[in-house]
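S.K.: Compact mmCIF, C-alpha atoms (C1' of nucleotides), file coords31.txt:
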# COMPACT_ATOMS: atom_id res chain seq x y z
CA MET A 1 124.16 18.97 124.20
CA ARG A 2 122.93 19.58 127.71
CA SER A 3 121.95 22.76 129.38
CA LYS A 4 120.24 21.61 132.55
CA ARG A 5 122.02 19.94 135.45
CA PRO A 6 120.71 16.78 137.05
CA GLU A 7 118.99 17.13 140.39
CA THR A 8 121.86 15.43 142.18
CA ASN A 9 123.48 18.79 141.80
CA PHE A 10 127.22 19.35 141.83
CA ARG A 11 128.36 17.00 144.52
CA ILE A 12 130.90 14.25 144.52
CA SER A 13 128.99 11.32 145.89
CA HIS A 14 131.66 8.67 146.19
CA ARG A 15 134.84 8.03 148.10
CA GLY A 16 133.63 10.10 150.99
CA LEU A 17 133.84 13.44 149.20
CA SER A 18 130.78 15.55 149.78
CA SER A 19 131.75 19.19 149.35
CA PRO A 20 130.62 20.84 146.13
CA LEU A 21 133.35 20.97 143.54
CA LEU A 22 131.99 23.91 141.64
CA ARG A 23 131.54 27.37 143.06
CA PHE A 24 129.19 28.71 140.41
CA THR A 25 126.14 26.51 140.03
CA ASP A 26 124.26 28.89 137.81
CA PHE A 27 125.65 27.90 134.46
CA VAL A 28 123.26 28.64 131.64
CA SER A 29 124.90 25.81 129.72
CA CYS A 30 127.75 23.52 130.63
CA PRO A 31 131.16 25.01 129.76
CA LEU A 32 132.42 21.51 128.98
CA ASP A 33 129.79 21.04 126.30
CA THR A 34 130.38 24.45 124.77
CA SER A 35 134.10 23.73 124.54
CA LEU A 36 133.53 20.33 123.03
CA SER A 37 131.28 21.76 120.36
CA GLY A 38 134.34 23.64 119.14
CA LEU A 39 137.20 21.29 119.99
CA GLY A 40 135.55 17.89 120.25
CA ARG A 41 135.42 16.75 116.63
CA LYS A 42 137.90 14.23 115.37
CA TRP A 43 141.39 15.51 114.35
CA THR A 44 140.71 19.00 115.72
CA LEU A 45 143.15 18.86 118.62
CA ALA A 46 145.84 17.25 116.46
CA ILE A 47 145.59 20.10 113.97
CA ILE A 48 145.84 22.78 116.66
CA ARG A 49 148.78 20.93 118.24
CA ASP A 50 150.73 20.69 115.00
CA ILE A 51 150.16 24.29 114.04
CA GLY A 52 150.75 25.75 117.49
CA LEU A 53 153.25 23.43 119.11
CA TYR A 54 155.24 22.21 116.13
CA GLY A 55 154.91 25.19 113.83
CA VAL A 56 153.43 23.21 110.93
CA ASP A 57 151.82 25.98 108.93
CA ARG A 58 151.06 24.51 105.50
CA PHE A 59 148.25 22.28 104.28
CA SER A 60 150.58 19.70 102.76
CA ARG A 61 152.81 19.67 105.86
CA LEU A 62 149.81 19.06 108.04
CA ARG A 63 148.90 16.11 105.86
CA LYS A 64 152.37 14.69 106.51
CA SER A 65 152.38 15.41 110.22
CA ILE A 66 148.92 13.84 110.61
CA PRO A 67 149.31 10.98 108.13
CA ASP A 68 145.89 9.39 108.55
CA ILE A 69 143.76 12.49 108.04
CA PRO A 70 141.89 12.62 104.73
CA PRO A 71 142.42 15.92 102.90
CA LYS A 72 138.72 16.58 102.85
CA VAL A 73 138.51 16.37 106.62
CA LEU A 74 141.59 18.56 107.02
CA ALA A 75 140.12 21.23 104.75
CA THR A 76 136.80 21.05 106.58
CA ARG A 77 138.36 21.33 110.02
CA LEU A 78 140.59 24.25 109.04
CA LYS A 79 137.56 26.07 107.71
CA GLN A 80 135.61 25.37 110.91
CA LEU A 81 138.51 26.42 113.11
CA GLU A 82 138.92 29.60 111.11
CA ALA A 83 135.22 30.38 111.48
CA GLN A 84 135.60 29.90 115.24
CA GLY A 85 138.56 32.26 115.39
CA ILE A 86 140.96 29.54 116.52
CA VAL A 87 143.19 29.51 113.44
CA ARG A 88 143.82 32.20 110.86
CA LYS A 89 145.16 31.89 107.34
CA SER A 90 147.33 34.18 105.29
CA VAL A 91 147.34 33.73 101.52
CA GLU A 92 150.37 34.60 99.44
CA LYS A 93 149.51 34.74 95.76
CA ALA A 94 152.45 33.23 93.90
CA ARG A 95 150.44 32.63 90.70
CA PRO A 96 149.92 28.93 89.97
CA PRO A 97 150.88 27.59 93.37
CA LYS A 98 149.26 29.88 95.93
CA ILE A 99 150.88 29.69 99.33
CA VAL A 100 148.56 29.47 102.32
CA ARG A 101 149.95 29.65 105.83
CA TRP A 102 148.03 28.71 108.94
CA SER A 103 148.64 30.03 112.44
CA LEU A 104 146.89 30.13 115.79
CA THR A 105 144.96 33.10 117.10
CA GLU A 106 145.00 33.97 120.79
CA LYS A 107 142.03 31.69 121.26
CA GLY A 108 143.92 28.91 119.52
CA LEU A 109 146.98 29.41 121.71
CA ASP A 110 144.67 29.18 124.69
CA ALA A 111 143.40 25.84 123.41
CA LEU A 112 146.98 24.57 123.72
CA ARG A 113 146.51 24.70 127.48
CA VAL A 114 143.64 22.27 127.17
CA GLU A 115 145.83 20.05 125.04
CA MET A 116 148.58 20.10 127.63
CA ALA A 117 146.14 18.80 130.22
CA VAL A 118 145.07 16.05 127.84
CA ALA A 119 148.67 15.17 127.07
CA ALA A 120 149.58 15.15 130.75
CA TYR A 121 146.82 12.64 131.36
CA GLY A 122 148.28 10.47 128.63
CA SER A 123 151.74 10.73 130.16
CA ARG A 124 150.37 9.48 133.45
CA TRP A 125 148.14 6.63 132.29
CA TYR A 126 149.58 5.48 128.97
CA ALA A 127 153.27 5.82 129.76
CA GLY A 128 153.90 2.37 128.32
CA ASP A 129 152.88 3.63 124.89
CA VAL A 130 154.20 7.16 125.24
CA PHE A 131 157.69 6.73 126.68
CA GLU A 132 160.42 4.33 125.68
CA ASP A 133 161.06 3.30 129.28
CA GLY A 134 157.36 3.16 130.08
CA ARG A 135 157.71 5.29 133.21
CA PRO A 136 154.80 7.68 133.90
CA ARG A 137 155.82 11.32 134.03
CA SER A 138 154.30 14.42 135.56
CA MET A 139 153.82 17.66 133.68
CA ARG A 140 156.85 19.19 135.35
CA GLU A 141 158.97 16.52 133.73
CA ILE A 142 157.47 16.95 130.29
CA TYR A 143 157.14 20.69 129.93
CA ASN A 144 159.86 23.25 130.49
CA HIS A 145 159.42 26.49 132.35
CA ARG A 146 157.67 28.30 129.53
CA GLY A 147 155.29 25.39 129.07
CA ILE A 148 154.42 25.34 132.75
CA GLN A 149 153.85 29.09 132.67
CA LEU A 150 151.54 28.78 129.71
CA PHE A 151 149.65 26.07 131.49
CA THR A 152 149.30 27.58 134.94
CA LYS A 153 147.86 30.73 133.47
CA ILE A 154 144.64 28.74 133.40
CA LEU A 155 144.23 29.55 137.06
CA MET B 1 146.91 8.43 115.12
CA ARG B 2 150.40 9.78 114.82
CA SER B 3 153.59 8.48 116.30
CA LYS B 4 156.27 10.48 114.51
CA ARG B 5 156.82 14.19 114.94
CA PRO B 6 157.20 16.49 111.98
CA GLU B 7 160.68 17.78 111.19
CA THR B 8 159.80 21.27 112.39
CA ASN B 9 160.27 19.78 115.81
CA PHE B 10 158.68 21.19 118.91
CA ARG B 11 159.05 24.88 118.39
CA ILE B 12 156.57 27.66 118.50
CA SER B 13 157.11 29.43 115.22
CA HIS B 14 154.87 32.42 115.54
CA ARG B 15 154.49 35.53 117.66
CA GLY B 16 158.19 35.61 118.33
CA LEU B 17 158.27 32.53 120.52
CA SER B 18 161.12 30.26 119.63
CA SER B 19 162.05 28.22 122.69
CA PRO B 20 160.98 24.59 122.69
CA LEU B 21 157.80 24.08 124.66
CA LEU B 22 158.40 20.44 125.45
CA ARG B 23 161.28 19.15 127.52
CA PHE B 24 161.04 15.51 126.42
CA THR B 25 161.24 15.19 122.69
CA ASP B 26 161.58 11.44 122.66
CA PHE B 27 157.96 10.41 122.81
CA VAL B 28 157.37 7.00 121.33
CA SER B 29 153.85 8.15 120.55
CA CYS B 30 152.09 11.42 121.23
CA PRO B 31 150.48 11.53 124.69
CA LEU B 32 147.69 13.65 123.27
CA ASP B 33 146.74 10.95 120.79
CA THR B 34 146.86 8.18 123.37
CA SER B 35 144.56 10.17 125.64
CA LEU B 36 142.15 10.93 122.84
CA SER B 37 141.89 7.27 121.92
CA GLY B 38 140.38 6.76 125.36
CA LEU B 39 138.55 10.03 125.98
CA GLY B 40 137.99 11.45 122.53
CA ARG B 41 134.82 9.67 121.44
CA LYS B 42 131.53 11.48 121.52
CA TRP B 43 129.68 11.62 124.89
CA THR B 44 132.63 10.15 126.79
CA LEU B 45 133.54 13.30 128.72
CA ALA B 46 129.91 14.05 129.49
CA ILE B 47 129.47 10.59 131.02
CA ILE B 48 132.58 10.92 133.16
CA ARG B 49 131.49 14.39 134.24
CA ASP B 50 128.02 13.31 135.30
CA ILE B 51 129.25 10.26 137.20
CA GLY B 52 132.20 11.97 138.86
CA LEU B 53 131.13 15.56 139.30
CA TYR B 54 127.38 15.23 139.74
CA GLY B 55 127.19 11.78 141.30
CA VAL B 56 124.83 10.36 138.68
CA ASP B 57 125.40 6.64 139.16
CA ARG B 58 122.54 4.86 137.35
CA PHE B 59 121.98 4.08 133.70
CA SER B 60 118.54 5.65 133.63
CA ARG B 61 119.72 8.74 135.50
CA LEU B 62 122.55 9.19 133.03
CA ARG B 63 119.98 9.06 130.26
CA LYS B 64 118.13 11.91 131.96
CA SER B 65 121.23 13.98 132.71
CA ILE B 66 122.45 13.58 129.11
CA PRO B 67 119.10 13.79 127.33
CA ASP B 68 120.35 13.46 123.77
CA ILE B 69 122.42 10.31 124.19
CA PRO B 70 120.92 7.17 122.63
CA PRO B 71 120.79 4.26 125.09
CA LYS B 72 122.89 2.14 122.77
CA VAL B 73 125.69 4.67 122.74
CA LEU B 74 125.52 5.05 126.52
CA ALA B 75 125.78 1.30 127.00
CA THR B 76 128.66 1.10 124.55
CA ARG B 77 130.58 3.96 126.16
CA LEU B 78 130.12 2.57 129.67
CA LYS B 79 131.47 -0.76 128.51
CA GLN B 80 134.45 0.90 126.83
CA LEU B 81 135.15 3.06 129.86
CA GLU B 82 134.94 0.02 132.12
CA ALA B 83 137.37 -1.89 129.89
CA GLN B 84 139.76 1.06 130.15
CA GLY B 85 139.52 1.12 133.92
CA ILE B 86 137.96 4.58 133.98
CA VAL B 87 134.57 3.59 135.41
CA ARG B 88 133.59 0.58 137.46
CA LYS B 89 130.18 -0.97 138.01
CA SER B 90 128.66 -2.65 141.01
CA VAL B 91 125.62 -4.84 140.46
CA GLU B 92 123.03 -5.18 143.19
CA LYS B 93 120.73 -8.12 142.50
CA ALA B 94 117.31 -6.94 143.63
CA ARG B 95 115.44 -9.71 141.77
CA PRO B 96 113.41 -8.36 138.85
CA PRO B 97 115.01 -4.93 138.55
CA LYS B 98 118.75 -5.40 138.99
CA ILE B 99 120.41 -2.25 140.19
CA VAL B 100 123.66 -1.26 138.49
CA ARG B 101 125.69 1.57 139.94
CA TRP B 102 128.53 3.30 138.15
CA SER B 103 131.43 5.11 139.76
CA LEU B 104 134.81 6.49 138.75
CA THR B 105 138.08 4.70 139.38
CA GLU B 106 141.21 6.63 140.27
CA LYS B 107 141.95 6.94 136.56
CA GLY B 108 138.46 8.29 136.02
CA LEU B 109 138.84 10.87 138.78
CA ASP B 110 142.09 11.90 137.12
CA ALA B 111 140.21 12.43 133.88
CA LEU B 112 138.12 15.03 135.72
CA ARG B 113 141.22 17.23 135.74
CA VAL B 114 141.26 17.14 131.97
CA GLU B 115 137.59 18.06 131.95
CA MET B 116 138.21 21.00 134.24
CA ALA B 117 140.73 22.35 131.76
CA VAL B 118 138.21 21.94 128.96
CA ALA B 119 135.49 23.59 131.01
CA ALA B 120 137.80 26.45 131.97
CA TYR B 121 138.42 27.08 128.27
CA GLY B 122 134.68 27.22 127.74
CA SER B 123 134.26 29.68 130.59
CA ARG B 124 136.81 31.96 129.00
CA TRP B 125 135.72 31.87 125.36
CA TYR B 126 132.02 31.03 125.42
CA ALA B 127 130.99 33.04 128.46
CA GLY B 128 128.03 34.41 126.54
CA ASP B 129 126.54 30.94 126.34
CA VAL B 130 127.79 29.67 129.70
CA PHE B 131 126.98 32.48 132.12
CA GLU B 132 123.84 34.49 132.50
CA ASP B 133 125.70 37.80 132.57
CA GLY B 134 128.04 36.70 129.77
CA ARG B 135 131.18 37.67 131.68
CA PRO B 136 134.20 35.35 131.13
CA ARG B 137 135.48 33.76 134.30
CA SER B 138 138.78 32.24 135.36
CA MET B 139 139.08 28.84 136.97
CA ARG B 140 139.56 30.44 140.38
CA GLU B 141 136.12 31.92 140.08
CA ILE B 142 134.47 28.70 138.98
CA TYR B 143 136.06 26.10 141.18
CA ASN B 144 136.35 26.19 144.94
CA HIS B 145 139.43 25.29 146.93
CA ARG B 146 138.98 21.53 146.59
CA GLY B 147 138.47 21.87 142.86
CA ILE B 148 141.61 23.94 142.47
CA GLN B 149 143.54 21.41 144.53
CA LEU B 150 142.30 18.58 142.36
CA PHE B 151 143.32 20.50 139.31
CA THR B 152 146.76 21.71 140.32
CA LYS B 153 147.79 18.18 141.18
CA ILE B 154 148.36 17.86 137.46
CA LEU B 155 151.68 19.60 137.96
C1' DC C 1 110.01 -0.30 135.75
C1' DC C 2 115.63 -1.05 134.63
C1' DG C 3 119.24 -2.20 131.74
C1' DC C 4 120.32 -2.91 127.86
C1' DA C 5 119.94 -5.32 122.52
C1' DT C 6 118.21 -4.93 117.79
C1' DC C 7 117.09 -2.74 113.65
C1' DC C 8 117.49 0.86 110.50
C1' DG C 9 118.23 5.52 108.29
C1' DG C 10 121.28 9.58 108.20
C1' DT C 11 125.50 11.91 108.58
C1' DA C 12 130.30 12.20 109.30
C1' DA C 13 134.65 10.11 108.26
C1' DG C 14 137.93 7.42 105.09
C1' DA C 15 140.09 6.38 100.39
C1' DT C 16 141.35 7.87 95.97
C1' DA C 17 141.45 10.73 91.94
C1' DC C 18 141.77 15.01 90.08
C1' DT C 19 141.98 20.32 89.06
C1' DG C 20 143.13 25.63 89.08
C1' DC D 1 150.33 23.58 96.47
C1' DA D 2 145.98 23.67 98.28
C1' DG D 3 142.49 22.06 98.18
C1' DT D 4 137.67 19.57 95.48
C1' DA D 5 134.90 15.70 93.67
C1' DT D 6 133.24 11.29 94.18
C1' DC D 7 132.38 7.13 96.28
C1' DT D 8 132.40 3.88 100.07
C1' DT D 9 132.33 2.82 104.90
C1' DA D 10 131.83 3.38 109.76
C1' DC D 11 129.60 5.46 113.34
C1' DC D 12 125.96 7.98 115.40
C1' DG D 13 120.99 8.93 116.37
C1' DG D 14 116.15 7.50 117.07
C1' DA D 15 112.67 4.10 117.62
C1' DT D 16 111.42 -0.11 119.37
C1' DG D 17 111.68 -4.56 121.83
C1' DC D 18 112.47 -7.63 125.59
C1' DG D 19 114.08 -10.39 129.45
C1' DG D 20 114.63 -9.88 134.16
In structure tokens, what does this structure look like?
M.R.:
Amino acid sequence: MRSKRPETNFRISHRGLSSPLLRFTDFVSCPLDTSLSGLGRKWTLAIIRDIGLYGVDRFSRLRKSIPDIPPKVLATRLKQLEAQGIVRKSVEKARPPKIVRWSLTEKGLDALRVEMAVAAYGSRWYAGDVFEDGRPRSMREIYNHRGIQLFTKIL
Amino acid sequence: MRSKRPETNFRISHRGLSSPLLRFTDFVSCPLDTSLSGLGRKWTLAIIRDIGLYGVDRFSRLRKSIPDIPPKVLATRLKQLEAQGIVRKSVEKARPPKIVRWSLTEKGLDALRVEMAVAAYGSRWYAGDVFEDGRPRSMREIYNHRGIQLFTKIL
DNA sequence: CCGCATCCGGTAAGATACTG
DNA sequence: CAGTATCTTACCGGATGCGG
């Protein structure tokens, strides 16, 4: 999308903040945009979540776990994610019905950290929809120790 | 999108991991999906980034900082983000050319944390496109102390 | 000029049926 | 079971217009 920064240049200009938020200002292209080109299309994060977090590894199971996705879109996304090295498939030739299993690569597992940040945002700002009691929750309340570990490895 | 979990139920089923990643299994709806309904549309994260991180506060400046966005889409997104309480606008009536300034609300600033996770992913896996020397970088290398603080408040 | 609104063509997504 | 094929629809992208 965008490779040049605006002239205003890496500063928070409101609420009194004025120190630069980013240490490296010499991005060739924005790392947000590059990520979004791989993860930003519709249904992509839901697919990675269901494979990686819930262990849904079959095409037909994914259709059930993501009820509104059209099979064409699911097939397209899986192909794109495979090409990106985010998911990998293993085919088991059982004559008529061939069994295909999908799993996450290391890069795909890493994308789960992004998803946890997105989900944490939802738990804070859409608690009314997310939780039965409607109370916002922090990540520490949602994820157990292993989840927190996975997440903090971002740093 | 999806409000029911699949029967496989919150377990990582590959690479030997078997402990549940999520502590709360009683989501009414998935916090990832709720977040994506607000942040998932095209250009949304770029707009929030340029307002919040770069201080771009005018319609025309946003058009320059996000060169490929059509003005219609920008206007639509700003309206949607305002309705969600993520951005807010202040109109300054300077007769003929009315000046509209956009800024982030608290909810919008919180969305920057999500973006930092997305950008960190990009810095790890698309370093060849992002950095001149092509070397992947961790968040600690990209963000300064204030950025890290902002980010770790997720926990 | 600035902040949009309108129109219009293209492409991606949705619905359904079907096949190896 | 794991996807294609086909068709329709919704959204995006690009150009242009227009009132302050």
S.K.: What are the residues of chain A lining chain D at 8 Å or less? Count only C-alpha atoms (C1' of nucleotides), and put the answer as an MDAnalysis selection string.
M.R.: chainID A and resid 59:60 71 75 97:100
S.K.: Please identify all residues of chain C having at least one atom at most 12 Å from any atom of chain B, considering all atoms listed in the file, and return them as an mmCIF file with C-alpha atoms (C1' of nucleotides), in the coordinates of the input.
M.R.:
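Result written to iface_2.cif:
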data_model
loop_
_atom_site.group_PDB
_atom_site.id
_atom_site.type_symbol
_atom_site.label_atom_id
_atom_site.label_comp_id
_atom_site.auth_asym_id
_atom_site.auth_seq_id
_atom_site.Cartn_x
_atom_site.Cartn_y
_atom_site.Cartn_z
ATOM 1 C "C1'" DC C 1 110.010 -0.300 135.750
ATOM 2 C "C1'" DC C 2 115.630 -1.050 134.630
ATOM 3 C "C1'" DG C 3 119.240 -2.200 131.740
ATOM 4 C "C1'" DC C 4 120.320 -2.910 127.860
ATOM 5 C "C1'" DA C 5 119.940 -5.320 122.520
ATOM 6 C "C1'" DT C 6 118.210 -4.930 117.790
ATOM 7 C "C1'" DC C 7 117.090 -2.740 113.650
#
S.K.: What gap, in Å, lies between CA of Arg124 (chain B) and CA of Val87 (chain A)?
M.R.: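 Separating CA of Arg124 (chain B) from CA of Val87 (chain A) is a distance of 17.0 Å.
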S.K.: Report, in Å to a single decimal, how far apart CA of Ser35 (chain B) and CA of Pro31 (chain A) are.
M.R.: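 Going from CA of Pro31 (chain A) over to CA of Ser35 (chain B), I get 20.4 Å.
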S.K.: One decimal, Å: what's the distance from CA of Ser138 (chain B) over to CA of Ile48 (chain A), could you say?
M.R.: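 Going from CA of Ser138 (chain B) over to CA of Ile48 (chain A) covers 22.1 Å.
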S.K.: Which residue out of B:Leu39, B:Val130, B:Leu112, B:Leu104 has the minimum interatomic distance to chain A when only C-alpha atoms are used?
M.R.: B:Val130
